[in-house]
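Student: Sharing a structure here in structure tokens format.
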Amino acid sequence: MADAYFSLFTLIVLIPLALIAFVYFLVRPRPVKIPIKNRHVFITGGSSGIGLALAHHAAAQGARVSILARSRNKLEEARNAVRLATGIDVSVFAADVRDYDAVKRAVDEAGPIDVLLLNHGVFVALELEKQELSEVKFTLDVNLMGSFNLIKAALPAMRTRKDPQQPVSIALVSSQAGQVGIYGYAAYSASKFGLRGLAEALQQEVIADNIHVSLIFPPDTDTPGFAEENKRKPELTKIIASSSGAMKPEEVAQKTFDGIKSGSFIIPCNLEGIALSLATAGLSPQRSFLMATVEVLAAGILRIAGLCFQWTWYTSIEKWHNQRKAFVELMISTSSRFTSKELKHFELGPCFRRLVADIAT
């Protein structure tokens, strides 16, 4: 009986404790705390949406805030909004992130940066076959090359700062579409997946200088551009992405700074984001030994969950194409007008209904 109790104790207590101790020894980089108060926070894409919420949040925490965007008018509106809400005056810089020289001038004028928060980005959901290559290049240039330009411009001063004992941060705002590819997001996902490779390699390059890299993965966010984006989204994109709810910019800003202050490499923003981060942890750095332990224990289950998601998505794609094929065959076989009852039978999306309406008239 004693042997049975000891075996049970070993299984329930000793093995988990040994795993936690082993993971604690392994995790790198080590945990760190990055203060925000009285630090210089430089935010790109800071004139609206998540960027503006980040500026509000940083100012409210006592940071010196600089924001960069393309539109001078929107920057002034953002400056006034932050001043009205917090009483803090932020510095504004108008520049296109694709233009390294313009970015370098803005960074030099702003002064040494303690938290570089790269939030800029553009997004168009469209099948690659229908998307112009110029639009693909624009997405990659802004989302990915723009981040290279900012980091390249800011990094020398961050490395040679007066107090190297004080940790500083480079944080890149990616997307959940930078963790899993979605129909219609070929260009956007490519640009956001690229940020992960940049962040993982960069962290190894700058860790010796007490510079800590974070990667934020927000879901769809209720920003001024979100409603406009939805108008162009392919029907299948809407179907697949419908399972993920939208967050408020203020919620994303809160999660972002919580993660930056704790030096987290991966910063998810909601429960779905946590699951995605666990499922896609791979070889990414992990400072928290508890989260690392969860990643180890949850890997198998989350792979099954991932396969279930893929089954759902590909089933939706197959169903949509079958509906489209049936619709085309019916159009060819008859010249009669379609009734609302027939449309309901086919469960056609808005794009097909508009097409039917055009043909019927």
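Ligands are numbered from 1 in the order shown, chains are lettered A, B, ... in the order of the structure tokens, and residues start at 1 in each chain.
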Using the chain letters and numbers from this document, which residues of stretch 19-134 of chain A does DSSP assign to strand (DSSP E), as a short mmCIF file (atom, residue, chain, number, x, y, z; two decimals) with all heavy atoms, in the first residue's frame?

Tutor:
```
data_model
loop_
_atom_site.label_atom_id
_atom_site.label_comp_id
_atom_site.auth_asym_id
_atom_site.auth_seq_id
_atom_site.Cartn_x
_atom_site.Cartn_y
_atom_site.Cartn_z
N HIS A 40 10.81 57.52 -22.52
CA HIS A 40 10.39 58.04 -23.82
C HIS A 40 9.79 56.90 -24.64
O HIS A 40 10.49 55.95 -25.01
CB HIS A 40 11.57 58.66 -24.56
CG HIS A 40 11.21 59.26 -25.88
ND1 HIS A 40 12.14 59.52 -26.87
CD2 HIS A 40 10.00 59.65 -26.40
CE1 HIS A 40 11.54 60.04 -27.93
NE2 HIS A 40 10.23 60.12 -27.66
N VAL A 41 8.49 56.99 -24.92
CA VAL A 41 7.79 55.98 -25.71
C VAL A 41 7.50 56.57 -27.09
O VAL A 41 6.80 57.58 -27.21
CB VAL A 41 6.48 55.55 -25.03
CG1 VAL A 41 5.74 54.52 -25.88
CG2 VAL A 41 6.76 54.99 -23.63
N PHE A 42 8.04 55.93 -28.12
CA PHE A 42 7.88 56.40 -29.50
C PHE A 42 6.96 55.42 -30.22
O PHE A 42 7.28 54.23 -30.34
CB PHE A 42 9.25 56.45 -30.18
CG PHE A 42 9.26 57.13 -31.52
CD1 PHE A 42 9.68 58.44 -31.66
CD2 PHE A 42 8.85 56.45 -32.66
CE1 PHE A 42 9.70 59.07 -32.91
CE2 PHE A 42 8.85 57.05 -33.91
CZ PHE A 42 9.28 58.37 -34.03
N ILE A 43 5.81 55.92 -30.71
CA ILE A 43 4.77 55.05 -31.27
C ILE A 43 4.55 55.40 -32.74
O ILE A 43 4.25 56.55 -33.06
CB ILE A 43 3.44 55.22 -30.50
CG1 ILE A 43 3.64 54.92 -29.02
CG2 ILE A 43 2.35 54.33 -31.09
CD1 ILE A 43 2.47 55.35 -28.14
N THR A 44 4.66 54.41 -33.62
CA THR A 44 4.34 54.64 -35.03
C THR A 44 2.87 54.28 -35.27
O THR A 44 2.28 53.49 -34.53
CB THR A 44 5.24 53.80 -35.95
OG1 THR A 44 4.96 52.41 -35.74
CG2 THR A 44 6.71 54.06 -35.67
N ARG A 64 6.96 60.11 -21.53
CA ARG A 64 7.09 61.15 -22.55
C ARG A 64 6.80 60.46 -23.88
O ARG A 64 7.46 59.48 -24.23
CB ARG A 64 8.51 61.73 -22.56
CG ARG A 64 8.73 62.78 -23.65
CD ARG A 64 10.00 63.56 -23.42
NE ARG A 64 11.19 62.81 -23.79
CZ ARG A 64 11.72 62.79 -25.02
NH1 ARG A 64 11.14 63.46 -26.00
NH2 ARG A 64 12.83 62.12 -25.26
N VAL A 65 5.82 60.97 -24.60
CA VAL A 65 5.29 60.25 -25.75
C VAL A 65 5.57 61.00 -27.05
O VAL A 65 5.37 62.22 -27.14
CB VAL A 65 3.76 60.02 -25.61
CG1 VAL A 65 3.22 59.26 -26.82
CG2 VAL A 65 3.45 59.28 -24.31
N SER A 66 6.02 60.27 -28.05
CA SER A 66 6.15 60.77 -29.42
C SER A 66 5.35 59.85 -30.33
O SER A 66 5.37 58.63 -30.15
CB SER A 66 7.61 60.78 -29.88
OG SER A 66 8.40 61.63 -29.09
N ILE A 67 4.63 60.43 -31.28
CA ILE A 67 3.87 59.62 -32.23
C ILE A 67 4.26 60.00 -33.65
O ILE A 67 4.52 61.17 -33.95
CB ILE A 67 2.34 59.73 -32.03
CG1 ILE A 67 1.87 61.19 -32.14
CG2 ILE A 67 1.94 59.14 -30.69
CD1 ILE A 67 0.36 61.35 -32.03
N LEU A 68 4.30 59.01 -34.52
CA LEU A 68 4.65 59.21 -35.92
C LEU A 68 3.56 58.63 -36.80
O LEU A 68 3.05 57.54 -36.54
CB LEU A 68 6.00 58.55 -36.22
CG LEU A 68 6.53 58.64 -37.66
CD1 LEU A 68 8.05 58.78 -37.66
CD2 LEU A 68 6.12 57.43 -38.50
N ALA A 69 3.19 59.37 -37.83
CA ALA A 69 2.23 58.91 -38.83
C ALA A 69 2.45 59.74 -40.09
O ALA A 69 3.27 60.67 -40.12
CB ALA A 69 0.80 59.04 -38.32
N SER A 91 4.75 64.74 -28.60
CA SER A 91 5.46 65.22 -29.79
C SER A 91 4.95 64.46 -31.00
O SER A 91 4.66 63.25 -30.92
CB SER A 91 6.96 64.99 -29.63
OG SER A 91 7.45 65.67 -28.49
N VAL A 92 4.83 65.14 -32.12
CA VAL A 92 4.31 64.50 -33.34
C VAL A 92 5.31 64.65 -34.48
O VAL A 92 5.99 65.67 -34.60
CB VAL A 92 2.95 65.09 -33.75
CG1 VAL A 92 1.91 64.84 -32.67
CG2 VAL A 92 3.04 66.58 -34.04
N PHE A 93 5.39 63.60 -35.31
CA PHE A 93 6.33 63.58 -36.44
C PHE A 93 5.62 62.98 -37.64
O PHE A 93 5.08 61.88 -37.57
CB PHE A 93 7.56 62.75 -36.09
CG PHE A 93 8.31 63.25 -34.90
CD1 PHE A 93 8.03 62.76 -33.63
CD2 PHE A 93 9.26 64.25 -35.03
CE1 PHE A 93 8.70 63.23 -32.52
CE2 PHE A 93 9.94 64.75 -33.93
CZ PHE A 93 9.66 64.23 -32.66
N ALA A 94 5.61 63.73 -38.73
CA ALA A 94 4.99 63.27 -39.97
C ALA A 94 6.05 62.66 -40.87
O ALA A 94 7.01 63.32 -41.27
CB ALA A 94 4.30 64.43 -40.68
N VAL A 115 11.19 53.03 -25.33
CA VAL A 115 10.24 52.02 -25.81
C VAL A 115 9.86 52.39 -27.23
O VAL A 115 9.18 53.39 -27.46
CB VAL A 115 8.98 51.93 -24.92
CG1 VAL A 115 8.00 50.91 -25.50
CG2 VAL A 115 9.34 51.57 -23.49
N LEU A 116 10.32 51.60 -28.19
CA LEU A 116 9.98 51.80 -29.60
C LEU A 116 8.81 50.87 -29.92
O LEU A 116 8.96 49.65 -29.92
CB LEU A 116 11.18 51.48 -30.49
CG LEU A 116 10.95 51.58 -32.01
CD1 LEU A 116 10.59 53.01 -32.40
CD2 LEU A 116 12.19 51.10 -32.77
N LEU A 117 7.65 51.46 -30.18
CA LEU A 117 6.44 50.67 -30.36
C LEU A 117 5.97 50.80 -31.81
O LEU A 117 5.44 51.83 -32.22
CB LEU A 117 5.35 51.18 -29.40
CG LEU A 117 4.54 50.13 -28.67
CD1 LEU A 117 3.68 50.75 -27.58
CD2 LEU A 117 3.68 49.34 -29.62
N LEU A 118 6.20 49.76 -32.59
CA LEU A 118 5.94 49.78 -34.03
C LEU A 118 4.53 49.26 -34.30
O LEU A 118 4.29 48.05 -34.38
CB LEU A 118 6.99 48.93 -34.76
CG LEU A 118 8.43 49.36 -34.47
CD1 LEU A 118 9.42 48.45 -35.19
CD2 LEU A 118 8.66 50.81 -34.85
#
```

Student: Given only C-alpha atoms, how would the per-residue table for stretch 32-146 of chain A near stretch 155-158 of chain A read, listing every residue at most 8 Å away with its closest atom pair and distance in Å to one decimal, sorted by chain and number, as a tab-separated table?

Tutor:
```
residue	atom	partner	partner_atom	distance
A:Pro112	CA	A:Ala157	CA	5.8
A:Ile113	CA	A:Met158	CA	6.3
A:Asp114	CA	A:Met158	CA	7.0
```

Student: Choose the residue, out of A:Gln203, A:Thr293, A:Gln323, A:Gln176, that has the smallest atom-to-atom separation from A:Leu19; count only C-alpha atoms.

Tutor: A:Thr293

Student: Using only C-alpha atoms, determine which residues lie at most 12 Å from stretch 74-80 of chain A, disregarding the query and same-chain residues fewer than 2 positions distant; provide the list as number ranges by chain.

Tutor: A: 43-56, 59, 65-72, 82-95

Student: Looking at only C-alpha atoms, which of A:Thr221, A:Asn119, A:Ser174, A:Thr312 is the one that sits closest to A:Ile267?

Tutor: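 Closest to A:Ile267 of all the choices is A:Ser174.
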
Student: Using 7 Å as the limit and counting only C-alpha atoms, can you tabulate each residue of stretch 164-184 of chain A that touches stretch 192-196 of chain A, with its shortest atom-to-atom distance in Å and the two atoms involved, as JSON lines?

Tutor:
```
{"residue": "A:Ser174", "atom": "CA", "partner": "A:Lys192", "partner_atom": "CA", "distance": 5.4}
{"residue": "A:Ser175", "atom": "CA", "partner": "A:Lys192", "partner_atom": "CA", "distance": 6.6}
{"residue": "A:Ala177", "atom": "CA", "partner": "A:Lys192", "partner_atom": "CA", "distance": 6.9}
{"residue": "A:Gly178", "atom": "CA", "partner": "A:Phe193", "partner_atom": "CA", "distance": 4.4}
{"residue": "A:Gln179", "atom": "CA", "partner": "A:Phe193", "partner_atom": "CA", "distance": 6.7}
```

Student: Between A:Ala246, A:Ile207, A:Leu271, A:Ala18, which is the closest to A:Thr223 once you count only C-alpha atoms?

Tutor: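 Closest to A:Thr223 of all the choices is A:Ala246.
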
Student: To test your reading of the structure, identify every residue in stretch 2-92 of chain A that backbone DSSP assigns to helix (DSSP H, G or I), and report it as a PyMOL selection string.

Tutor: chain A and resi 2-26+49-60+72-86

Student: Using only C-alpha atoms, which residues sit within 12 Å of A:Lys137 once same-chain residues fewer than 3 positions away are excluded, as a ChimeraX atom specification?

Tutor: /A:98,122-124,128,131-134,140-146,186-188,190-191

Student: Write out, as a PDB file, in the first residue's frame, the residues just selected, with N, CA and C atoms.

Tutor:
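Saved the output as again_12.pdb:
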```pdb
ATOM      1  N   ARG A  98       8.084  53.999 -45.054  1.00  0.00           N
ATOM      2  CA  ARG A  98       8.834  53.409 -46.160  1.00  0.00           C
ATOM      3  C   ARG A  98      10.062  54.229 -46.520  1.00  0.00           C
ATOM      4  N   VAL A 122      -0.805  48.484 -42.857  1.00  0.00           N
ATOM      5  CA  VAL A 122      -1.909  48.575 -43.807  1.00  0.00           C
ATOM      6  C   VAL A 122      -2.459  47.174 -44.026  1.00  0.00           C
ATOM      7  N   PHE A 123      -3.722  47.123 -44.435  1.00  0.00           N
ATOM      8  CA  PHE A 123      -4.369  45.818 -44.561  1.00  0.00           C
ATOM      9  C   PHE A 123      -5.402  45.844 -45.676  1.00  0.00           C
ATOM     10  N   VAL A 124      -5.300  44.905 -46.584  1.00  0.00           N
ATOM     11  CA  VAL A 124      -6.316  44.692 -47.611  1.00  0.00           C
ATOM     12  C   VAL A 124      -6.562  43.187 -47.692  1.00  0.00           C
ATOM     13  N   LEU A 128      -5.107  36.505 -53.637  1.00  0.00           N
ATOM     14  CA  LEU A 128      -3.863  36.912 -54.291  1.00  0.00           C
ATOM     15  C   LEU A 128      -4.033  37.070 -55.792  1.00  0.00           C
ATOM     16  N   GLN A 131      -5.383  40.428 -56.518  1.00  0.00           N
ATOM     17  CA  GLN A 131      -4.658  41.557 -55.947  1.00  0.00           C
ATOM     18  C   GLN A 131      -3.511  41.969 -56.863  1.00  0.00           C
ATOM     19  N   GLU A 132      -3.390  43.258 -57.099  1.00  0.00           N
ATOM     20  CA  GLU A 132      -2.285  43.760 -57.908  1.00  0.00           C
ATOM     21  C   GLU A 132      -0.970  43.582 -57.146  1.00  0.00           C
ATOM     22  N   LEU A 133       0.095  43.261 -57.887  1.00  0.00           N
ATOM     23  CA  LEU A 133       1.392  43.092 -57.237  1.00  0.00           C
ATOM     24  C   LEU A 133       1.870  44.392 -56.595  1.00  0.00           C
ATOM     25  N   SER A 134       1.454  45.517 -57.154  1.00  0.00           N
ATOM     26  CA  SER A 134       1.823  46.795 -56.552  1.00  0.00           C
ATOM     27  C   SER A 134       1.210  46.924 -55.157  1.00  0.00           C
ATOM     28  N   LEU A 140       3.841  44.868 -48.002  1.00  0.00           N
ATOM     29  CA  LEU A 140       5.115  44.390 -47.462  1.00  0.00           C
ATOM     30  C   LEU A 140       6.040  45.550 -47.107  1.00  0.00           C
ATOM     31  N   ASP A 141       6.050  46.579 -47.941  1.00  0.00           N
ATOM     32  CA  ASP A 141       6.927  47.728 -47.700  1.00  0.00           C
ATOM     33  C   ASP A 141       6.538  48.466 -46.422  1.00  0.00           C
ATOM     34  N   VAL A 142       5.237  48.659 -46.214  1.00  0.00           N
ATOM     35  CA  VAL A 142       4.792  49.377 -45.024  1.00  0.00           C
ATOM     36  C   VAL A 142       4.942  48.506 -43.778  1.00  0.00           C
ATOM     37  N   ASN A 143       4.354  47.316 -43.804  1.00  0.00           N
ATOM     38  CA  ASN A 143       4.268  46.494 -42.598  1.00  0.00           C
ATOM     39  C   ASN A 143       5.608  45.903 -42.176  1.00  0.00           C
ATOM     40  N   LEU A 144       6.399  45.462 -43.152  1.00  0.00           N
ATOM     41  CA  LEU A 144       7.654  44.782 -42.826  1.00  0.00           C
ATOM     42  C   LEU A 144       8.869  45.696 -42.990  1.00  0.00           C
ATOM     43  N   MET A 145       9.065  46.243 -44.186  1.00  0.00           N
ATOM     44  CA  MET A 145      10.225  47.106 -44.398  1.00  0.00           C
ATOM     45  C   MET A 145      10.136  48.375 -43.548  1.00  0.00           C
ATOM     46  N   GLY A 146       8.920  48.868 -43.307  1.00  0.00           N
ATOM     47  CA  GLY A 146       8.774  50.020 -42.426  1.00  0.00           C
ATOM     48  C   GLY A 146       9.313  49.745 -41.038  1.00  0.00           C
ATOM     49  N   ALA A 186      -3.173  36.669 -47.911  1.00  0.00           N
ATOM     50  CA  ALA A 186      -1.847  36.210 -48.346  1.00  0.00           C
ATOM     51  C   ALA A 186      -0.782  37.284 -48.136  1.00  0.00           C
ATOM     52  N   ALA A 187      -1.015  38.487 -48.659  1.00  0.00           N
ATOM     53  CA  ALA A 187      -0.020  39.561 -48.532  1.00  0.00           C
ATOM     54  C   ALA A 187       0.103  40.025 -47.084  1.00  0.00           C
ATOM     55  N   TYR A 188      -1.030  40.220 -46.425  1.00  0.00           N
ATOM     56  CA  TYR A 188      -1.022  40.719 -45.052  1.00  0.00           C
ATOM     57  C   TYR A 188      -0.358  39.724 -44.105  1.00  0.00           C
ATOM     58  N   ALA A 190       1.768  37.393 -44.860  1.00  0.00           N
ATOM     59  CA  ALA A 190       3.199  37.320 -45.168  1.00  0.00           C
ATOM     60  C   ALA A 190       3.956  38.435 -44.464  1.00  0.00           C
ATOM     61  N   SER A 191       3.394  39.643 -44.482  1.00  0.00           N
ATOM     62  CA  SER A 191       4.063  40.776 -43.836  1.00  0.00           C
ATOM     63  C   SER A 191       4.107  40.604 -42.322  1.00  0.00           C
TER      64      SER A 191
END
```

Student: Provide the atom CA of A:Ala326 to atom CA of A:Trp313 distance in Å, to one decimal place.

Tutor: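 Atom CA of A:Trp313 lies at a distance of 20.1 Å from atom CA of A:Ala326.
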
Student: Go through A:Leu302, A:Ala153, A:Ile216, A:Ala275 one by one, measure the shortest atom-to-atom distance of each to A:Gln254 using only C-alpha atoms, and give the residue with the smallest value.

Tutor: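 Smallest distance to A:Gln254 is found for A:Ile216.
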
Student: One decimal, in Å: what's the spacing between atom CA of A:Phe265 and atom CA of A:Asp99?

Tutor: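 Separation of atom CA of A:Phe265 and atom CA of A:Asp99: 27.4 Å.
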
Student: Just how far from atom CA of A:His120 is atom CA of A:Phe217, in Å to one decimal?

Tutor: 13.5 Å

Student: Which residues come within 12 Å of A:His212, counting only C-alpha atoms, excluding same-chain residues fewer than 2 positions away, as JSON, numbers by chain?

Tutor: {"A": [28, 29, 30, 31, 32, 33, 34, 114, 115, 116, 117, 155, 158, 159, 166, 167, 168, 169, 170, 171, 172, 199, 200, 201, 202, 203, 204, 205, 206, 207, 208, 209, 210, 214, 215, 259, 260, 261, 262, 263, 264, 265, 266, 285, 286, 287]}

Student: Neighbouring residues of A:Tyr183 were defined as those with any atom within 8 Å, considering only C-alpha atoms; residues of the same chain fewer than 6 positions away were excluded. Please report them as a list in words.

Tutor: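 After dropping sequence-adjacent residues, the list is Glu127, Leu236, Thr237 and Ile240 of chain A.
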
Student: If you keep N, CA, C and O atoms, can you produce a file of those selected residues as a PDB file, in the first residue's frame?

Tutor:
```pdb
ATOM      1  N   GLU A 127      -8.130  37.916 -52.421  1.00  0.00           N
ATOM      2  CA  GLU A 127      -7.417  36.757 -52.951  1.00  0.00           C
ATOM      3  C   GLU A 127      -6.203  37.236 -53.756  1.00  0.00           C
ATOM      4  O   GLU A 127      -6.268  38.239 -54.468  1.00  0.00           O
ATOM      5  N   LEU A 236     -15.501  34.369 -48.159  1.00  0.00           N
ATOM      6  CA  LEU A 236     -14.899  33.285 -47.388  1.00  0.00           C
ATOM      7  C   LEU A 236     -14.081  33.814 -46.221  1.00  0.00           C
ATOM      8  O   LEU A 236     -14.025  33.185 -45.159  1.00  0.00           O
ATOM      9  N   THR A 237     -13.437  34.947 -46.402  1.00  0.00           N
ATOM     10  CA  THR A 237     -12.669  35.542 -45.310  1.00  0.00           C
ATOM     11  C   THR A 237     -13.590  35.879 -44.147  1.00  0.00           C
ATOM     12  O   THR A 237     -13.264  35.625 -42.982  1.00  0.00           O
ATOM     13  N   ILE A 240     -14.631  32.585 -42.325  1.00  0.00           N
ATOM     14  CA  ILE A 240     -13.572  31.973 -41.523  1.00  0.00           C
ATOM     15  C   ILE A 240     -13.227  32.838 -40.319  1.00  0.00           C
ATOM     16  O   ILE A 240     -12.995  32.331 -39.217  1.00  0.00           O
TER      17      ILE A 240
END
```

Student: Which residue out of A:Leu150, A:Met247, A:Leu278, A:Met331 has the minimum interatomic distance to A:Ala106 when only C-alpha atoms are used?

Tutor: A:Leu150
